[in-house]
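Contents: one structure, followed by commentary.
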Amino acid sequence: MIRLMYDFFEHGRRRHLAEKTLKDYEVFLRAFFGFLKEAYPEITEITDVTRAIITAYEKHLLTRKDSRGKVMGRIRRKRYLCGLRLFFLYLQREEKVFKNPTANLALPRERKTIIKDVLTPEEMEKLLKTCAGETLKALRDRAMLELLYSTGMRADELCHLEAKDLDYDELVVLIRKGKCGTERVVPFGKTARYWIERYLKQGRPLINTGASDLVFTTMGGRQLTPVTLGRIVKEYAHKAGIEKNVTTHTFRHSCATHLLKGKADIRYVQKQLGHRSIATTEKYLKIEITDLKEVHERCHPREQEEW
């Protein structure tokens with residue numbers, strides 16, 4: 001079973017799946033193998049796994065607790081089962097199993113939630129202006145946050161950005177290491193270009209001594225991580241007095257929301273964010289509907305009358 005799991009990973013690499021995704025799949029599959037070893041020690045071949053065993057595993061996940069003693073949530077259960085289903089689908093296609101025991105497996109439904117903690121344009125401007133001063137850190141941070149907001153790129157995408165990926169004449173950036181290894185080209189604004197060029201001339205040469213092609217690094221010249229970037233974002237949100245839960249993804253959400261409010265076509269926003277499915281982008285339309293309902297209640301003449 002372990003050999004088949006690694007064959008599955010090699011298949012995933014050929015399809016350009018991210019190593020982080022494959023590591024997640026390994027966690028999911030090892031959890032299932034551990035369950036088999038404990039509950040069904042007589043099972044030694046993957047072909048012996050039946051639908052009844054998969055059903056028992058579903059029930060097991062309902063009561064499984066993490067290291068903090070918390071029961072696994074709905075979304076995480078769905079990810080475990082999705083990984084298992086993809087594994088068996090691969091085995092079926094490679095004719096390693098005669099029948100797929102996860103066929104027609106009903107996955108836990110995710111609650112449809114409205115994206116929260118999107119910053120208003122005024123809040124975003126206030127946050128960006130807290131990156132003030134002529135220090136190296138301030139120059140680097142302002143350039144990073146301006147680019148995050150302008151492009152809506154993911155934190156990991158920004159951390160892997162190289163100088164050659166920026167085209168200042170066309171005002172576009174090539175994102176080489178997007179989700180699932182995909183590439184895309186997205187525009188960025190003149191304001192972001194101003195701060196990036198200023199940082200590259202005045203700040204980067206003193207931080208990055210030329211050992212790396214990365215645009216943004218730590219102050220010591222090492223590769224920046226999404227965790228470090230998240231701390232920087234929270235630092236400036238706190239300085240700006242913003243009480244919302246601001247993360248790197250808040251910049252992404254805010255970029256998408258502000259584009260839609262500016263009447264951008266949803267297909268354009270989908271390409272800007274690198275969403276593979278339009279359904280993912282449509283989540284931002286719910287924010288628009290919420291705003292519209294508030295405006296309707298506040299401004300429509302019939303809402304102002306007393307009954």
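Within each chain, counting starts at residue 1; across the structure tokens, chains are named A, B, ... in the order shown, with ligands numbered 1 upward in that order.
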
Inset, instruction - Give the helix (DSSP H, G or I) residues of region 95-235 of chain A, as assigned by DSSP on the backbone, as a ChimeraX atom specification. - result: /A:121-129,136-151,155-159,163-165,179-181,190-202,204-207,226-235

Inset, instruction - Looking only at strand (DSSP E) from DSSP on the backbone, list the matching residues of region 44-288 of chain A as a PyMOL selection string. - result: chain A and resi 166-167+172-175+184-187

Write the residues of the preceding selection, restricted to C-alpha atoms, as a PDB file, in the first residue's frame.
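Just written: out.pdb:
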ATOM      1  CA  LEU A 166       8.330  42.098 -13.336  1.00  0.00           C
ATOM      2  CA  ASP A 167       7.689  44.053 -16.549  1.00  0.00           C
ATOM      3  CA  VAL A 172       2.461  43.081 -15.643  1.00  0.00           C
ATOM      4  CA  VAL A 173       3.993  40.409 -13.434  1.00  0.00           C
ATOM      5  CA  LEU A 174       4.572  36.759 -14.301  1.00  0.00           C
ATOM      6  CA  ILE A 175       3.573  34.500 -11.428  1.00  0.00           C
ATOM      7  CA  ARG A 184      -0.335  33.376 -14.993  1.00  0.00           C
ATOM      8  CA  VAL A 185       0.366  36.958 -15.997  1.00  0.00           C
ATOM      9  CA  VAL A 186      -1.467  39.689 -14.087  1.00  0.00           C
ATOM     10  CA  PRO A 187      -1.315  43.493 -14.222  1.00  0.00           C
TER      11      PRO A 187
END

Legend entry - Atomic separation - CA of Glu235 (chain A) relative to CA of Arg198 (chain A), Å: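 For CA of Arg198 (chain A) relative to CA of Glu235 (chain A), the distance reads 22.0 Å.
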
Legend entry - Atomic separation - CA of Phe251 (chain A) relative to CA of Leu148 (chain A), Å: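 Rounded to one decimal, the two atoms are 6.2 Å apart.
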
Kindly provide the residues of region 76-121 of chain A that approach region 257-272 of chain A to within 10 Å, each paired with its closest atom pair and their distance in Å to one decimal, based on only C-alpha atoms, listed by chain and increasing number, as a tab-separated table.
residue	atom	partner	partner_atom	distance
A:Ile115	CA	A:Thr257	CA	9.9
A:Val118	CA	A:Thr257	CA	7.8
A:Leu119	CA	A:Thr257	CA	9.1
A:Thr120	CA	A:His258	CA	8.1
A:Pro121	CA	A:His258	CA	7.5

Dump of C-alpha atoms for the selected residues, as a PDB file, in the first residue's frame:
ATOM      1  CA  ILE A 115     -15.919  36.288   3.178  1.00  0.00           C
ATOM      2  CA  VAL A 118     -12.446  42.705   3.783  1.00  0.00           C
ATOM      3  CA  LEU A 119     -10.897  46.160   4.138  1.00  0.00           C
ATOM      4  CA  THR A 120     -12.567  49.233   2.712  1.00  0.00           C
ATOM      5  CA  PRO A 121     -10.475  51.330   0.304  1.00  0.00           C
TER       6      PRO A 121
END

Inset, instruction - Would you please work out which residue, of A:Ala256, A:Cys131, A:Ala52, A:Leu91, is nearest to Phe9 (chain A) when using only C-alpha atoms? - result: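 Among the listed residues, the smallest separation from Phe9 (chain A) belongs to A:Leu91.
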
Inset, instruction - Identify, on the basis of only C-alpha atoms, every residue whose closest approach to Tyr25 (chain A) does not exceed 9 Å; exclude the query and any residue fewer than 5 positions from it along the same chain; express the result as a list in words. - result: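 Result of the neighbour search: Phe9, Lys20, Arg30, Arg79, Tyr80, Gly83, Leu84 and Phe87 of chain A.
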
Dump C-alpha atoms for the selected residues as a short mmCIF file (atom, residue, chain, number, x, y, z; two decimals), in the first residue's frame?
data_model
loop_
_atom_site.label_atom_id
_atom_site.label_comp_id
_atom_site.auth_asym_id
_atom_site.auth_seq_id
_atom_site.Cartn_x
_atom_site.Cartn_y
_atom_site.Cartn_z
CA PHE A 9 2.69 10.91 -5.63
CA LYS A 20 2.68 20.92 -0.22
CA ARG A 30 -1.24 7.46 6.25
CA ARG A 79 -10.07 17.00 2.73
CA TYR A 80 -9.17 13.60 4.22
CA GLY A 83 -7.49 12.66 -0.75
CA LEU A 84 -8.63 9.08 -0.25
CA PHE A 87 -6.04 7.87 -4.47
#

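Across A:Arg140, A:Glu38, A:Thr63, A:Thr182, the tightest approach to Leu17 (chain A) is made by A:Thr182 when counting only C-alpha atoms.
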
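In this structure, CA of Arg74 (chain A) sits 8.6 Å away from CA of Leu62 (chain A).
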
All residues 12 Å or closer to Gly189 (chain A), only C-alpha atoms, same chain fewer than 4 positions away omitted, as a PDB file with C-alpha atoms, in the first residue's frame:
ATOM      1  CA  ALA A 143       6.571  47.722  -1.871  1.00  0.00           C
ATOM      2  CA  GLU A 146       1.352  47.633  -2.457  1.00  0.00           C
ATOM      3  CA  LEU A 147       2.046  44.724  -4.798  1.00  0.00           C
ATOM      4  CA  LEU A 148      -0.104  42.341  -2.736  1.00  0.00           C
ATOM      5  CA  TYR A 149      -3.061  44.711  -2.905  1.00  0.00           C
ATOM      6  CA  SER A 150      -2.540  45.673  -6.552  1.00  0.00           C
ATOM      7  CA  THR A 151      -2.320  42.101  -7.875  1.00  0.00           C
ATOM      8  CA  GLY A 152      -4.231  40.021  -5.321  1.00  0.00           C
ATOM      9  CA  LEU A 166       8.330  42.098 -13.336  1.00  0.00           C
ATOM     10  CA  ASP A 167       7.689  44.053 -16.549  1.00  0.00           C
ATOM     11  CA  TYR A 168       7.601  47.751 -15.680  1.00  0.00           C
ATOM     12  CA  ASP A 169       6.804  48.913 -19.227  1.00  0.00           C
ATOM     13  CA  GLU A 170       3.747  46.707 -19.631  1.00  0.00           C
ATOM     14  CA  LEU A 171       2.904  46.851 -15.916  1.00  0.00           C
ATOM     15  CA  VAL A 172       2.461  43.081 -15.643  1.00  0.00           C
ATOM     16  CA  VAL A 173       3.993  40.409 -13.434  1.00  0.00           C
ATOM     17  CA  ARG A 193       5.406  50.249  -9.692  1.00  0.00           C
ATOM     18  CA  TYR A 194       6.552  53.467  -7.990  1.00  0.00           C
ATOM     19  CA  TRP A 195       7.160  51.743  -4.667  1.00  0.00           C
ATOM     20  CA  ILE A 196       8.749  48.636  -6.185  1.00  0.00           C
ATOM     21  CA  CYS A 255      -8.355  43.373  -4.233  1.00  0.00           C
TER      22      CYS A 255
END

Inset, instruction - Tell me which of A:Val233, A:Ile46, A:Ala39, A:Leu86 sits closest to Leu22 (chain A), counting only C-alpha atoms. - result: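 Residue with the minimum atom-to-atom distance to Leu22 (chain A): A:Leu86.
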
Inset, instruction - Please identify all polymer residues within 12 Å of Ala138 (chain A), counting only C-alpha atoms, omitting same-chain residues fewer than 3 positions from it, and present them as number ranges by chain. - result: A: 128-135, 141-146, 195-196, 198-199, 202-204, 219, 232, 235-236

Save the residues we just selected, N, CA and C atoms, as an mmCIF file, in the first residue's frame?
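Output file part13.cif is given in full below:
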data_model
loop_
_atom_site.group_PDB
_atom_site.id
_atom_site.type_symbol
_atom_site.label_atom_id
_atom_site.label_comp_id
_atom_site.auth_asym_id
_atom_site.auth_seq_id
_atom_site.Cartn_x
_atom_site.Cartn_y
_atom_site.Cartn_z
ATOM 1 N N LEU A 128 -1.643 51.021 4.372
ATOM 2 C CA LEU A 128 -0.451 51.166 3.527
ATOM 3 C C LEU A 128 0.385 52.374 3.942
ATOM 4 N N LYS A 129 -0.286 53.430 4.373
ATOM 5 C CA LYS A 129 0.446 54.642 4.752
ATOM 6 C C LYS A 129 1.174 54.505 6.084
ATOM 7 N N THR A 130 0.871 53.430 6.832
ATOM 8 C CA THR A 130 1.627 53.209 8.068
ATOM 9 C C THR A 130 3.039 52.710 7.767
ATOM 10 N N CYS A 131 3.260 52.220 6.529
ATOM 11 C CA CYS A 131 4.621 51.821 6.114
ATOM 12 C C CYS A 131 5.390 53.086 5.744
ATOM 13 N N ALA A 132 5.531 53.963 6.681
ATOM 14 C CA ALA A 132 6.150 55.267 6.400
ATOM 15 C C ALA A 132 7.609 55.258 6.837
ATOM 16 N N GLY A 133 8.341 56.223 6.328
ATOM 17 C CA GLY A 133 9.741 56.356 6.719
ATOM 18 C C GLY A 133 10.677 55.958 5.603
ATOM 19 N N GLU A 134 11.952 56.241 5.806
ATOM 20 C CA GLU A 134 12.976 55.982 4.803
ATOM 21 C C GLU A 134 13.857 54.791 5.180
ATOM 22 N N THR A 135 13.456 54.005 6.161
ATOM 23 C CA THR A 135 14.263 52.849 6.541
ATOM 24 C C THR A 135 14.162 51.766 5.470
ATOM 25 N N ASP A 141 8.654 46.833 2.989
ATOM 26 C CA ASP A 141 7.289 46.484 3.386
ATOM 27 C C ASP A 141 6.250 47.223 2.550
ATOM 28 N N ARG A 142 6.498 48.502 2.263
ATOM 29 C CA ARG A 142 5.533 49.258 1.457
ATOM 30 C C ARG A 142 5.437 48.669 0.048
ATOM 31 N N ALA A 143 6.578 48.316 -0.536
ATOM 32 C CA ALA A 143 6.571 47.722 -1.871
ATOM 33 C C ALA A 143 5.841 46.382 -1.874
ATOM 34 N N MET A 144 6.064 45.563 -0.844
ATOM 35 C CA MET A 144 5.399 44.254 -0.759
ATOM 36 C C MET A 144 3.893 44.395 -0.648
ATOM 37 N N LEU A 145 3.456 45.238 0.273
ATOM 38 C CA LEU A 145 2.023 45.367 0.522
ATOM 39 C C LEU A 145 1.302 46.046 -0.640
ATOM 40 N N GLU A 146 1.957 47.004 -1.275
ATOM 41 C CA GLU A 146 1.352 47.633 -2.457
ATOM 42 C C GLU A 146 1.162 46.609 -3.569
ATOM 43 N N TRP A 195 6.558 52.216 -5.903
ATOM 44 C CA TRP A 195 7.160 51.743 -4.667
ATOM 45 C C TRP A 195 8.140 50.601 -4.910
ATOM 46 N N ILE A 196 7.835 49.740 -5.884
ATOM 47 C CA ILE A 196 8.749 48.636 -6.185
ATOM 48 C C ILE A 196 10.057 49.170 -6.754
ATOM 49 N N ARG A 198 11.338 52.105 -6.368
ATOM 50 C CA ARG A 198 12.051 52.830 -5.317
ATOM 51 C C ARG A 198 12.757 51.847 -4.377
ATOM 52 N N TYR A 199 12.072 50.773 -4.050
ATOM 53 C CA TYR A 199 12.670 49.755 -3.177
ATOM 54 C C TYR A 199 13.855 49.068 -3.867
ATOM 55 N N GLN A 202 16.788 51.686 -3.878
ATOM 56 C CA GLN A 202 17.308 52.204 -2.612
ATOM 57 C C GLN A 202 17.408 51.165 -1.502
ATOM 58 N N GLY A 203 16.607 50.111 -1.584
ATOM 59 C CA GLY A 203 16.551 49.167 -0.475
ATOM 60 C C GLY A 203 17.121 47.793 -0.759
ATOM 61 N N ARG A 204 16.701 47.190 -1.846
ATOM 62 C CA ARG A 204 17.086 45.806 -2.125
ATOM 63 C C ARG A 204 18.591 45.590 -2.229
ATOM 64 N N MET A 219 15.204 40.767 6.137
ATOM 65 C CA MET A 219 16.201 41.828 6.278
ATOM 66 C C MET A 219 17.618 41.261 6.297
ATOM 67 N N ILE A 232 4.228 40.523 9.275
ATOM 68 C CA ILE A 232 4.434 41.908 8.827
ATOM 69 C C ILE A 232 3.092 42.591 8.580
ATOM 70 N N GLU A 235 1.427 43.430 11.811
ATOM 71 C CA GLU A 235 2.144 44.536 12.463
ATOM 72 C C GLU A 235 1.591 45.885 11.991
ATOM 73 N N TYR A 236 1.415 46.030 10.678
ATOM 74 C CA TYR A 236 0.942 47.306 10.148
ATOM 75 C C TYR A 236 -0.561 47.500 10.361
#
